[in-house]
$ cat model.txt   # compact mmCIF, N, CA and C atoms
# COMPACT_ATOMS: atom_id res chain seq x y z
N MET A 15 142.09 169.05 157.67
CA MET A 15 141.20 170.02 157.04
C MET A 15 140.39 169.31 155.96
N ASN A 16 139.10 169.56 155.91
CA ASN A 16 138.22 168.96 154.92
C ASN A 16 138.03 169.90 153.75
N LYS A 17 138.97 169.86 152.86
CA LYS A 17 138.92 170.74 151.69
C LYS A 17 137.95 170.16 150.67
N LYS A 18 137.11 171.00 150.12
CA LYS A 18 136.12 170.59 149.12
C LYS A 18 136.58 171.03 147.74
N PHE A 19 136.01 170.39 146.71
CA PHE A 19 136.32 170.76 145.34
C PHE A 19 135.97 172.23 145.11
N SER A 20 134.87 172.66 145.71
CA SER A 20 134.42 174.05 145.53
C SER A 20 135.39 175.06 146.14
N ASN A 21 136.26 174.60 147.05
CA ASN A 21 137.24 175.49 147.67
C ASN A 21 138.49 175.72 146.82
N LEU A 22 138.63 174.96 145.75
CA LEU A 22 139.80 175.12 144.88
C LEU A 22 139.70 176.42 144.09
N LYS A 23 140.84 176.90 143.63
CA LYS A 23 140.85 178.07 142.76
C LYS A 23 140.27 177.66 141.41
N MET A 24 139.75 178.62 140.69
CA MET A 24 139.11 178.34 139.39
C MET A 24 140.09 177.67 138.43
N LYS A 25 141.33 178.13 138.44
CA LYS A 25 142.35 177.55 137.57
C LYS A 25 142.56 176.07 137.89
N GLN A 26 142.58 175.73 139.17
CA GLN A 26 142.73 174.34 139.59
C GLN A 26 141.52 173.50 139.18
N LYS A 27 140.34 174.05 139.36
CA LYS A 27 139.11 173.34 138.97
C LYS A 27 139.11 173.07 137.47
N ASP A 28 139.52 174.07 136.69
CA ASP A 28 139.55 173.91 135.23
C ASP A 28 140.54 172.82 134.82
N LYS A 29 141.71 172.79 135.47
CA LYS A 29 142.70 171.77 135.17
C LYS A 29 142.13 170.38 135.46
N ILE A 30 141.53 170.22 136.63
CA ILE A 30 141.00 168.92 137.03
C ILE A 30 139.86 168.50 136.11
N THR A 31 139.00 169.44 135.78
CA THR A 31 137.90 169.14 134.86
C THR A 31 138.44 168.67 133.52
N GLY A 32 139.46 169.33 133.02
CA GLY A 32 140.09 168.93 131.75
C GLY A 32 140.71 167.55 131.84
N TRP A 33 141.38 167.26 132.94
CA TRP A 33 142.01 165.95 133.11
C TRP A 33 140.96 164.84 133.19
N VAL A 34 139.86 165.13 133.89
CA VAL A 34 138.79 164.14 134.01
C VAL A 34 138.22 163.83 132.62
N TYR A 35 137.93 164.86 131.86
CA TYR A 35 137.38 164.66 130.51
C TYR A 35 138.38 163.93 129.62
N GLU A 36 139.63 164.32 129.71
CA GLU A 36 140.69 163.71 128.90
C GLU A 36 140.80 162.21 129.18
N GLU A 37 140.80 161.84 130.45
CA GLU A 37 140.91 160.42 130.83
C GLU A 37 139.65 159.64 130.46
N TYR A 38 138.49 160.27 130.62
CA TYR A 38 137.23 159.63 130.25
C TYR A 38 137.20 159.37 128.75
N LYS A 39 137.56 160.38 127.98
CA LYS A 39 137.58 160.27 126.52
C LYS A 39 138.58 159.21 126.07
N LYS A 40 139.74 159.19 126.69
CA LYS A 40 140.76 158.20 126.36
C LYS A 40 140.22 156.79 126.57
N TYR A 41 139.55 156.55 127.68
CA TYR A 41 139.00 155.22 127.96
C TYR A 41 137.94 154.84 126.92
N VAL A 42 137.00 155.73 126.68
CA VAL A 42 135.91 155.45 125.74
C VAL A 42 136.45 155.22 124.34
N THR A 43 137.44 155.98 123.93
CA THR A 43 138.04 155.83 122.61
C THR A 43 138.75 154.49 122.47
N GLU A 44 139.50 154.11 123.49
CA GLU A 44 140.25 152.85 123.44
C GLU A 44 139.35 151.62 123.54
N HIS A 45 138.30 151.68 124.36
CA HIS A 45 137.47 150.50 124.62
C HIS A 45 136.12 150.51 123.90
N GLU A 46 135.79 151.64 123.28
CA GLU A 46 134.55 151.80 122.53
C GLU A 46 133.31 151.46 123.35
N LYS A 47 133.35 151.83 124.60
CA LYS A 47 132.19 151.66 125.49
C LYS A 47 132.35 152.59 126.69
N ALA A 48 131.24 152.83 127.35
CA ALA A 48 131.27 153.67 128.56
C ALA A 48 131.97 152.90 129.67
N PRO A 49 132.68 153.59 130.54
CA PRO A 49 133.41 152.91 131.60
C PRO A 49 132.48 152.31 132.66
N ASP A 50 132.86 151.12 133.15
CA ASP A 50 132.14 150.49 134.26
C ASP A 50 132.80 150.96 135.56
N SER A 51 132.38 150.40 136.69
CA SER A 51 132.89 150.88 137.98
C SER A 51 134.39 150.65 138.13
N LEU A 52 134.91 149.54 137.60
CA LEU A 52 136.35 149.29 137.68
C LEU A 52 137.11 150.32 136.83
N ALA A 53 136.59 150.60 135.65
CA ALA A 53 137.22 151.60 134.78
C ALA A 53 137.12 152.99 135.40
N ASP A 54 136.00 153.27 136.08
CA ASP A 54 135.86 154.56 136.76
C ASP A 54 137.00 154.78 137.75
N GLU A 55 137.34 153.71 138.49
CA GLU A 55 138.44 153.81 139.45
C GLU A 55 139.77 154.10 138.74
N GLN A 56 139.99 153.44 137.61
CA GLN A 56 141.23 153.66 136.86
C GLN A 56 141.31 155.10 136.34
N ILE A 57 140.17 155.60 135.88
CA ILE A 57 140.12 156.97 135.37
C ILE A 57 140.45 157.95 136.50
N VAL A 58 139.80 157.77 137.64
CA VAL A 58 140.01 158.68 138.77
C VAL A 58 141.45 158.57 139.27
N GLU A 59 142.01 157.36 139.29
CA GLU A 59 143.41 157.19 139.73
C GLU A 59 144.36 157.95 138.80
N ALA A 60 144.11 157.89 137.50
CA ALA A 60 144.95 158.62 136.55
C ALA A 60 144.84 160.12 136.79
N VAL A 61 143.63 160.59 137.08
CA VAL A 61 143.43 162.01 137.37
C VAL A 61 144.14 162.39 138.68
N LEU A 62 144.04 161.52 139.68
CA LEU A 62 144.70 161.79 140.96
C LEU A 62 146.22 161.88 140.78
N ASP A 63 146.77 161.05 139.90
CA ASP A 63 148.22 161.14 139.63
C ASP A 63 148.58 162.52 139.08
N LYS A 64 147.76 163.01 138.17
CA LYS A 64 148.01 164.34 137.58
C LYS A 64 147.84 165.44 138.63
N ILE A 65 146.86 165.27 139.50
CA ILE A 65 146.63 166.25 140.57
C ILE A 65 147.85 166.30 141.49
N ASN A 66 148.38 165.12 141.84
CA ASN A 66 149.56 165.06 142.72
C ASN A 66 150.78 165.66 142.03
N GLU A 67 150.94 165.41 140.73
CA GLU A 67 152.06 165.99 139.99
C GLU A 67 151.98 167.52 139.97
N ALA A 68 150.76 168.03 139.90
CA ALA A 68 150.56 169.48 139.87
C ALA A 68 150.57 170.08 141.27
N GLN A 69 150.74 169.24 142.27
CA GLN A 69 150.79 169.64 143.67
C GLN A 69 149.54 170.40 144.12
N ILE A 70 148.39 169.86 143.69
CA ILE A 70 147.10 170.38 144.14
C ILE A 70 146.65 169.48 145.28
N TRP A 71 146.38 170.09 146.44
CA TRP A 71 145.98 169.27 147.57
C TRP A 71 144.46 169.26 147.65
N ILE A 72 143.91 168.04 147.55
CA ILE A 72 142.48 167.83 147.73
C ILE A 72 142.30 166.36 148.08
N PRO A 73 141.41 166.04 149.01
CA PRO A 73 141.19 164.63 149.36
C PRO A 73 140.72 163.81 148.15
N ASP A 74 141.20 162.57 148.07
CA ASP A 74 140.85 161.69 146.96
C ASP A 74 139.33 161.51 146.84
N GLY A 75 138.67 161.43 147.98
CA GLY A 75 137.22 161.23 147.98
C GLY A 75 136.46 162.34 147.27
N GLU A 76 137.00 163.55 147.34
CA GLU A 76 136.37 164.69 146.65
C GLU A 76 136.42 164.49 145.14
N ILE A 77 137.51 163.94 144.64
CA ILE A 77 137.66 163.72 143.20
C ILE A 77 136.75 162.57 142.76
N TYR A 78 136.66 161.52 143.57
CA TYR A 78 135.73 160.43 143.26
C TYR A 78 134.29 160.95 143.18
N ASP A 79 133.91 161.77 144.16
CA ASP A 79 132.55 162.34 144.17
C ASP A 79 132.33 163.24 142.97
N TYR A 80 133.33 164.06 142.66
CA TYR A 80 133.22 164.97 141.52
C TYR A 80 133.04 164.17 140.23
N TYR A 81 133.83 163.12 140.06
CA TYR A 81 133.73 162.28 138.86
C TYR A 81 132.34 161.65 138.75
N ARG A 82 131.83 161.12 139.85
CA ARG A 82 130.50 160.49 139.82
C ARG A 82 129.41 161.50 139.43
N ARG A 83 129.53 162.71 139.93
CA ARG A 83 128.54 163.76 139.60
C ARG A 83 128.63 164.16 138.13
N LYS A 84 129.84 164.21 137.61
CA LYS A 84 130.07 164.71 136.26
C LYS A 84 129.99 163.65 135.17
N LYS A 85 129.98 162.37 135.53
CA LYS A 85 130.04 161.30 134.54
C LYS A 85 128.96 161.41 133.45
N PRO A 86 127.69 161.66 133.79
CA PRO A 86 126.69 161.80 132.71
C PRO A 86 127.00 162.97 131.77
N GLN A 87 127.50 164.06 132.31
CA GLN A 87 127.85 165.22 131.49
C GLN A 87 129.06 164.93 130.61
N LEU A 88 129.96 164.11 131.09
CA LEU A 88 131.14 163.75 130.30
C LEU A 88 130.71 162.99 129.05
N GLN A 89 129.76 162.06 129.21
CA GLN A 89 129.28 161.30 128.06
C GLN A 89 128.56 162.22 127.07
N LYS A 90 127.77 163.16 127.58
CA LYS A 90 127.09 164.10 126.69
C LYS A 90 128.09 164.96 125.92
N SER A 91 129.12 165.42 126.60
CA SER A 91 130.15 166.23 125.95
C SER A 91 130.86 165.43 124.87
N LEU A 92 131.15 164.18 125.16
CA LEU A 92 131.82 163.32 124.18
C LEU A 92 130.90 163.06 122.99
N ASP A 93 129.62 162.83 123.26
CA ASP A 93 128.65 162.63 122.17
C ASP A 93 128.55 163.87 121.30
N ASN A 94 128.52 165.04 121.91
CA ASN A 94 128.46 166.30 121.16
C ASN A 94 129.71 166.49 120.30
N GLU A 95 130.87 166.13 120.86
CA GLU A 95 132.12 166.25 120.12
C GLU A 95 132.10 165.33 118.89
N LYS A 96 131.58 164.11 119.07
CA LYS A 96 131.48 163.17 117.95
C LYS A 96 130.49 163.67 116.91
N LEU A 97 129.39 164.27 117.35
CA LEU A 97 128.39 164.80 116.43
C LEU A 97 128.97 165.94 115.59
N ILE A 98 129.73 166.81 116.22
CA ILE A 98 130.36 167.92 115.50
C ILE A 98 131.34 167.37 114.46
N GLU A 99 132.11 166.36 114.85
CA GLU A 99 133.06 165.74 113.91
C GLU A 99 132.30 165.10 112.75
N PHE A 100 131.20 164.41 113.05
CA PHE A 100 130.40 163.77 112.01
C PHE A 100 129.84 164.81 111.04
N LYS A 101 129.34 165.91 111.59
CA LYS A 101 128.77 166.97 110.74
C LYS A 101 129.83 167.57 109.83
N SER A 102 131.06 167.65 110.30
CA SER A 102 132.11 168.18 109.44
C SER A 102 132.39 167.23 108.28
N TYR A 103 132.32 165.92 108.54
CA TYR A 103 132.48 164.95 107.46
C TYR A 103 131.33 165.06 106.46
N VAL A 104 130.12 165.21 106.98
CA VAL A 104 128.95 165.33 106.11
C VAL A 104 129.10 166.57 105.22
N SER A 105 129.52 167.68 105.80
CA SER A 105 129.71 168.91 105.02
C SER A 105 130.75 168.71 103.93
N PHE A 106 131.83 168.00 104.28
CA PHE A 106 132.88 167.74 103.31
C PHE A 106 132.36 166.92 102.14
N TYR A 107 131.68 165.81 102.45
CA TYR A 107 131.17 164.95 101.38
C TYR A 107 130.07 165.64 100.58
N LYS A 108 129.26 166.43 101.27
CA LYS A 108 128.19 167.15 100.57
C LYS A 108 128.79 168.14 99.57
N SER A 109 129.88 168.78 99.93
CA SER A 109 130.51 169.74 99.01
C SER A 109 131.03 169.03 97.77
N ILE A 110 131.51 167.81 97.94
CA ILE A 110 131.97 167.02 96.78
C ILE A 110 130.79 166.62 95.92
N VAL A 111 129.74 166.13 96.56
CA VAL A 111 128.55 165.67 95.83
C VAL A 111 127.88 166.83 95.09
N ASP A 112 127.85 167.99 95.72
CA ASP A 112 127.20 169.15 95.09
C ASP A 112 127.89 169.56 93.79
N GLN A 113 129.15 169.24 93.65
CA GLN A 113 129.87 169.59 92.44
C GLN A 113 129.53 168.66 91.27
N ASP A 114 129.01 167.48 91.60
CA ASP A 114 128.68 166.50 90.56
C ASP A 114 127.30 166.79 89.99
N ARG A 115 127.13 166.59 88.70
CA ARG A 115 125.85 166.87 88.05
C ARG A 115 124.93 165.65 88.06
N ALA A 116 125.41 164.51 88.50
CA ALA A 116 124.60 163.29 88.51
C ALA A 116 123.77 163.21 89.79
N SER A 117 122.76 162.35 89.77
CA SER A 117 121.98 162.08 90.98
C SER A 117 122.85 161.30 91.95
N VAL A 118 122.66 161.56 93.22
CA VAL A 118 123.42 160.85 94.24
C VAL A 118 122.49 160.49 95.38
N VAL A 119 122.58 159.23 95.84
CA VAL A 119 121.84 158.76 97.00
C VAL A 119 122.86 158.21 97.98
N ILE A 120 122.84 158.69 99.20
CA ILE A 120 123.74 158.19 100.23
C ILE A 120 122.87 157.51 101.29
N CYS A 121 123.17 156.22 101.55
CA CYS A 121 122.39 155.43 102.50
C CYS A 121 123.29 154.97 103.65
N ASN A 122 122.65 154.65 104.78
CA ASN A 122 123.39 154.05 105.87
C ASN A 122 123.40 152.53 105.67
N LEU A 123 123.97 151.81 106.62
CA LEU A 123 124.07 150.36 106.47
C LEU A 123 122.72 149.64 106.55
N LYS A 124 121.69 150.33 107.00
CA LYS A 124 120.33 149.76 107.05
C LYS A 124 119.57 150.09 105.77
N HIS A 125 120.27 150.66 104.80
CA HIS A 125 119.70 151.06 103.51
C HIS A 125 118.63 152.15 103.65
N GLU A 126 118.78 152.96 104.68
CA GLU A 126 117.92 154.12 104.85
C GLU A 126 118.60 155.31 104.18
N ILE A 127 117.84 156.06 103.43
CA ILE A 127 118.42 157.19 102.70
C ILE A 127 118.79 158.30 103.68
N GLY A 128 120.05 158.69 103.63
CA GLY A 128 120.54 159.78 104.46
C GLY A 128 120.64 161.08 103.69
N PHE A 129 120.85 160.96 102.40
CA PHE A 129 120.98 162.15 101.56
C PHE A 129 120.55 161.77 100.16
N LEU A 130 119.78 162.62 99.55
CA LEU A 130 119.33 162.41 98.18
C LEU A 130 119.50 163.71 97.43
N LYS A 131 120.31 163.65 96.38
CA LYS A 131 120.49 164.82 95.53
C LYS A 131 119.70 164.53 94.25
N PRO A 132 118.64 165.27 94.03
CA PRO A 132 117.82 165.03 92.84
C PRO A 132 118.60 165.30 91.56
N VAL A 133 118.10 164.72 90.49
CA VAL A 133 118.72 164.92 89.19
C VAL A 133 118.56 166.37 88.78
N GLN A 134 119.67 166.99 88.38
CA GLN A 134 119.61 168.37 87.92
C GLN A 134 119.57 168.42 86.39
N VAL A 135 120.12 167.43 85.78
CA VAL A 135 120.05 167.27 84.33
C VAL A 135 119.65 165.83 84.08
N GLU A 136 119.09 165.54 82.94
CA GLU A 136 118.64 164.18 82.67
C GLU A 136 119.83 163.24 82.61
N THR A 137 119.75 162.21 83.46
CA THR A 137 120.77 161.16 83.44
C THR A 137 120.06 159.82 83.49
N SER A 138 120.74 158.78 83.10
CA SER A 138 120.12 157.46 83.07
C SER A 138 120.65 156.54 84.17
N PHE A 139 121.36 157.10 85.16
CA PHE A 139 121.89 156.25 86.22
C PHE A 139 121.95 157.03 87.51
N ILE A 140 122.04 156.28 88.63
CA ILE A 140 122.16 156.87 89.97
C ILE A 140 123.42 156.27 90.61
N ILE A 141 124.23 157.11 91.19
CA ILE A 141 125.43 156.65 91.90
C ILE A 141 125.02 156.45 93.34
N GLU A 142 125.29 155.26 93.89
CA GLU A 142 124.95 154.99 95.28
C GLU A 142 126.24 154.82 96.07
N ILE A 143 126.33 155.54 97.17
CA ILE A 143 127.48 155.46 98.06
C ILE A 143 126.97 154.99 99.40
N THR A 144 127.55 153.95 99.97
CA THR A 144 127.16 153.46 101.27
C THR A 144 128.23 153.88 102.26
N LEU A 145 127.83 154.61 103.30
CA LEU A 145 128.75 155.04 104.33
C LEU A 145 128.86 153.97 105.41
N CYS A 146 130.04 153.74 105.92
CA CYS A 146 130.23 152.76 106.99
C CYS A 146 130.00 153.39 108.32
$ encode --input "model.txt" --output "structure tokens"
Amino acid sequence: MNKKFSNLKMKQKDKITGWVYEEYKKYVTEHEKAPDSLADEQIVEAVLDKINEAQIWIPDGEIYDYYRRKKPQLQKSLDNEKLIEFKSYVSFYKSIVDQDRASVVICNLKHEIGFLKPVQVETSFIIEITLC
């Protein structure tokens, strides 16, 4: 029988989608780069192991095809997750800076200003914080 990914139950699809993202994220986090074709095989093999443990029957080729179709979306999802995490850090540091009455300039490593808090009261110095 030629079972397709689309023939799976929604619960099964959701599990597989989660496993694919989890393995993709794990690889990118550990290696700090997008997976190449050899890494793609390792990711799919790890997902196939989980599929077999869950006793979901689907041909391996369907999972390889699914992964190839979803790979660009996986990177976008991971980028969005990192952006949300970054924004939470920015909010945290901004709340600290807002409590200070001094001028504050926050620059990136290229010395480009990322945040500038103007002087609210007259001060004779500027505190500079460089984020890594």
$ select_by_dssp --input "model.txt" --residues "chain A" --states "helix (DSSP H, G or I)" --output "PyMOL selection string"
chain A and resi 19-21+24-45+51-67+74-113
$ select_by_dssp --input "model.txt" --residues "range 15-133 of chain A" --states "strand (DSSP E or B)" --output "list in words"
Ser117, Val118, Val119, Ile120, Cys121, Ile127, Gly128, Phe129, Leu130 and Lys131 of chain A
$ atom_distance --input "model.txt" --atom1 "CA of Glu67 in chain A" --atom2 "CA of Tyr38 in chain A"
18.8 Å
$ closest_atom_pairs --input "model.txt" --of "range 41-133 of chain A" --to "range 17-34 of chain A" --cutoff "7 Å" --atoms "only C-alpha atoms" --output "tab-separated table"
residue	atom	partner	partner_atom	distance
A:Val61	CA	A:Trp33	CA	6.0
A:Ile72	CA	A:Lys17	CA	6.1
A:Pro73	CA	A:Lys17	CA	6.9
A:Glu76	CA	A:Phe19	CA	6.2
$ atom_distance --input "model.txt" --atom1 "CA of His125 in chain A" --atom2 "CA of Thr43 in chain A"
26.9 Å
$ atom_distance --input "model.txt" --atom1 "CA of Arg82 in chain A" --atom2 "CA of Glu99 in chain A"
26.6 Å
$ residues_near_point --input "model.txt" --point "(139.0, 159.2, 125.0)" --cutoff "12 Å" --atoms "only C-alpha atoms" --output "ChimeraX atom specification"
/A:32-49,57,88-89,91-93,95-96
$ decode --input "model.txt" --residues "range 18-47 of chain A" --atoms "N, CA and C atoms" --output "PDB file, in the first residue's frame"
ATOM      1  N   LYS A  18       0.425   7.843   1.975  1.00  0.00           N
ATOM      2  CA  LYS A  18       0.989   9.188   1.859  1.00  0.00           C
ATOM      3  C   LYS A  18       0.922   9.888   3.212  1.00  0.00           C
ATOM      4  N   PHE A  19       1.750  10.928   3.361  1.00  0.00           N
ATOM      5  CA  PHE A  19       1.737  11.722   4.584  1.00  0.00           C
ATOM      6  C   PHE A  19       0.345  12.307   4.807  1.00  0.00           C
ATOM      7  N   SER A  20      -0.289  12.704   3.720  1.00  0.00           N
ATOM      8  CA  SER A  20      -1.618  13.321   3.822  1.00  0.00           C
ATOM      9  C   SER A  20      -2.680  12.333   4.316  1.00  0.00           C
ATOM     10  N   ASN A  21      -2.394  11.030   4.217  1.00  0.00           N
ATOM     11  CA  ASN A  21      -3.337  10.014   4.686  1.00  0.00           C
ATOM     12  C   ASN A  21      -3.267   9.765   6.192  1.00  0.00           C
ATOM     13  N   LEU A  22      -2.262  10.319   6.853  1.00  0.00           N
ATOM     14  CA  LEU A  22      -2.134  10.128   8.296  1.00  0.00           C
ATOM     15  C   LEU A  22      -3.212  10.905   9.033  1.00  0.00           C
ATOM     16  N   LYS A  23      -3.487  10.487  10.256  1.00  0.00           N
ATOM     17  CA  LYS A  23      -4.409  11.230  11.105  1.00  0.00           C
ATOM     18  C   LYS A  23      -3.738  12.536  11.518  1.00  0.00           C
ATOM     19  N   MET A  24      -4.524  13.528  11.835  1.00  0.00           N
ATOM     20  CA  MET A  24      -3.992  14.848  12.193  1.00  0.00           C
ATOM     21  C   MET A  24      -3.049  14.748  13.389  1.00  0.00           C
ATOM     22  N   LYS A  25      -3.405  13.925  14.363  1.00  0.00           N
ATOM     23  CA  LYS A  25      -2.573  13.749  15.549  1.00  0.00           C
ATOM     24  C   LYS A  25      -1.200  13.190  15.159  1.00  0.00           C
ATOM     25  N   GLN A  26      -1.171  12.242  14.233  1.00  0.00           N
ATOM     26  CA  GLN A  26       0.085  11.667  13.761  1.00  0.00           C
ATOM     27  C   GLN A  26       0.912  12.708  12.996  1.00  0.00           C
ATOM     28  N   LYS A  27       0.256  13.480  12.156  1.00  0.00           N
ATOM     29  CA  LYS A  27       0.948  14.534  11.401  1.00  0.00           C
ATOM     30  C   LYS A  27       1.575  15.545  12.356  1.00  0.00           C
ATOM     31  N   ASP A  28       0.818  15.928  13.379  1.00  0.00           N
ATOM     32  CA  ASP A  28       1.324  16.908  14.352  1.00  0.00           C
ATOM     33  C   ASP A  28       2.542  16.366  15.092  1.00  0.00           C
ATOM     34  N   LYS A  29       2.499  15.090  15.478  1.00  0.00           N
ATOM     35  CA  LYS A  29       3.631  14.477  16.160  1.00  0.00           C
ATOM     36  C   LYS A  29       4.868  14.499  15.260  1.00  0.00           C
ATOM     37  N   ILE A  30       4.698  14.085  14.020  1.00  0.00           N
ATOM     38  CA  ILE A  30       5.824  14.015  13.088  1.00  0.00           C
ATOM     39  C   ILE A  30       6.371  15.411  12.814  1.00  0.00           C
ATOM     40  N   THR A  31       5.488  16.364  12.629  1.00  0.00           N
ATOM     41  CA  THR A  31       5.919  17.743  12.402  1.00  0.00           C
ATOM     42  C   THR A  31       6.734  18.249  13.586  1.00  0.00           C
ATOM     43  N   GLY A  32       6.283  17.961  14.789  1.00  0.00           N
ATOM     44  CA  GLY A  32       7.013  18.356  15.999  1.00  0.00           C
ATOM     45  C   GLY A  32       8.375  17.688  16.081  1.00  0.00           C
ATOM     46  N   TRP A  33       8.435  16.413  15.755  1.00  0.00           N
ATOM     47  CA  TRP A  33       9.711  15.687  15.794  1.00  0.00           C
ATOM     48  C   TRP A  33      10.686  16.236  14.761  1.00  0.00           C
ATOM     49  N   VAL A  34      10.171  16.550  13.573  1.00  0.00           N
ATOM     50  CA  VAL A  34      11.029  17.102  12.523  1.00  0.00           C
ATOM     51  C   VAL A  34      11.615  18.437  12.986  1.00  0.00           C
ATOM     52  N   TYR A  35      10.780  19.300  13.524  1.00  0.00           N
ATOM     53  CA  TYR A  35      11.262  20.603  13.992  1.00  0.00           C
ATOM     54  C   TYR A  35      12.244  20.436  15.146  1.00  0.00           C
ATOM     55  N   GLU A  36      11.935  19.544  16.057  1.00  0.00           N
ATOM     56  CA  GLU A  36      12.789  19.293  17.220  1.00  0.00           C
ATOM     57  C   GLU A  36      14.190  18.831  16.779  1.00  0.00           C
ATOM     58  N   GLU A  37      14.245  17.895  15.848  1.00  0.00           N
ATOM     59  CA  GLU A  37      15.538  17.382  15.366  1.00  0.00           C
ATOM     60  C   GLU A  37      16.286  18.432  14.552  1.00  0.00           C
ATOM     61  N   TYR A  38      15.562  19.207  13.759  1.00  0.00           N
ATOM     62  CA  TYR A  38      16.179  20.277  12.975  1.00  0.00           C
ATOM     63  C   TYR A  38      16.788  21.320  13.916  1.00  0.00           C
ATOM     64  N   LYS A  39      16.018  21.725  14.905  1.00  0.00           N
ATOM     65  CA  LYS A  39      16.478  22.727  15.875  1.00  0.00           C
ATOM     66  C   LYS A  39      17.683  22.202  16.649  1.00  0.00           C
ATOM     67  N   LYS A  40      17.629  20.950  17.051  1.00  0.00           N
ATOM     68  CA  LYS A  40      18.738  20.341  17.784  1.00  0.00           C
ATOM     69  C   LYS A  40      20.019  20.399  16.957  1.00  0.00           C
ATOM     70  N   TYR A  41      19.936  20.067  15.683  1.00  0.00           N
ATOM     71  CA  TYR A  41      21.121  20.098  14.819  1.00  0.00           C
ATOM     72  C   TYR A  41      21.665  21.521  14.683  1.00  0.00           C
ATOM     73  N   VAL A  42      20.794  22.462  14.377  1.00  0.00           N
ATOM     74  CA  VAL A  42      21.219  23.849  14.175  1.00  0.00           C
ATOM     75  C   VAL A  42      21.815  24.422  15.455  1.00  0.00           C
ATOM     76  N   THR A  43      21.240  24.105  16.592  1.00  0.00           N
ATOM     77  CA  THR A  43      21.740  24.593  17.874  1.00  0.00           C
ATOM     78  C   THR A  43      23.125  24.023  18.181  1.00  0.00           C
ATOM     79  N   GLU A  44      23.301  22.736  17.939  1.00  0.00           N
ATOM     80  CA  GLU A  44      24.584  22.088  18.238  1.00  0.00           C
ATOM     81  C   GLU A  44      25.691  22.499  17.268  1.00  0.00           C
ATOM     82  N   HIS A  45      25.362  22.674  15.986  1.00  0.00           N
ATOM     83  CA  HIS A  45      26.388  22.929  14.964  1.00  0.00           C
ATOM     84  C   HIS A  45      26.456  24.386  14.502  1.00  0.00           C
ATOM     85  N   GLU A  46      25.491  25.189  14.927  1.00  0.00           N
ATOM     86  CA  GLU A  46      25.424  26.611  14.587  1.00  0.00           C
ATOM     87  C   GLU A  46      25.475  26.861  13.083  1.00  0.00           C
ATOM     88  N   LYS A  47      24.818  26.007  12.349  1.00  0.00           N
ATOM     89  CA  LYS A  47      24.696  26.176  10.894  1.00  0.00           C
ATOM     90  C   LYS A  47      23.516  25.341  10.406  1.00  0.00           C
TER      91      LYS A  47
END
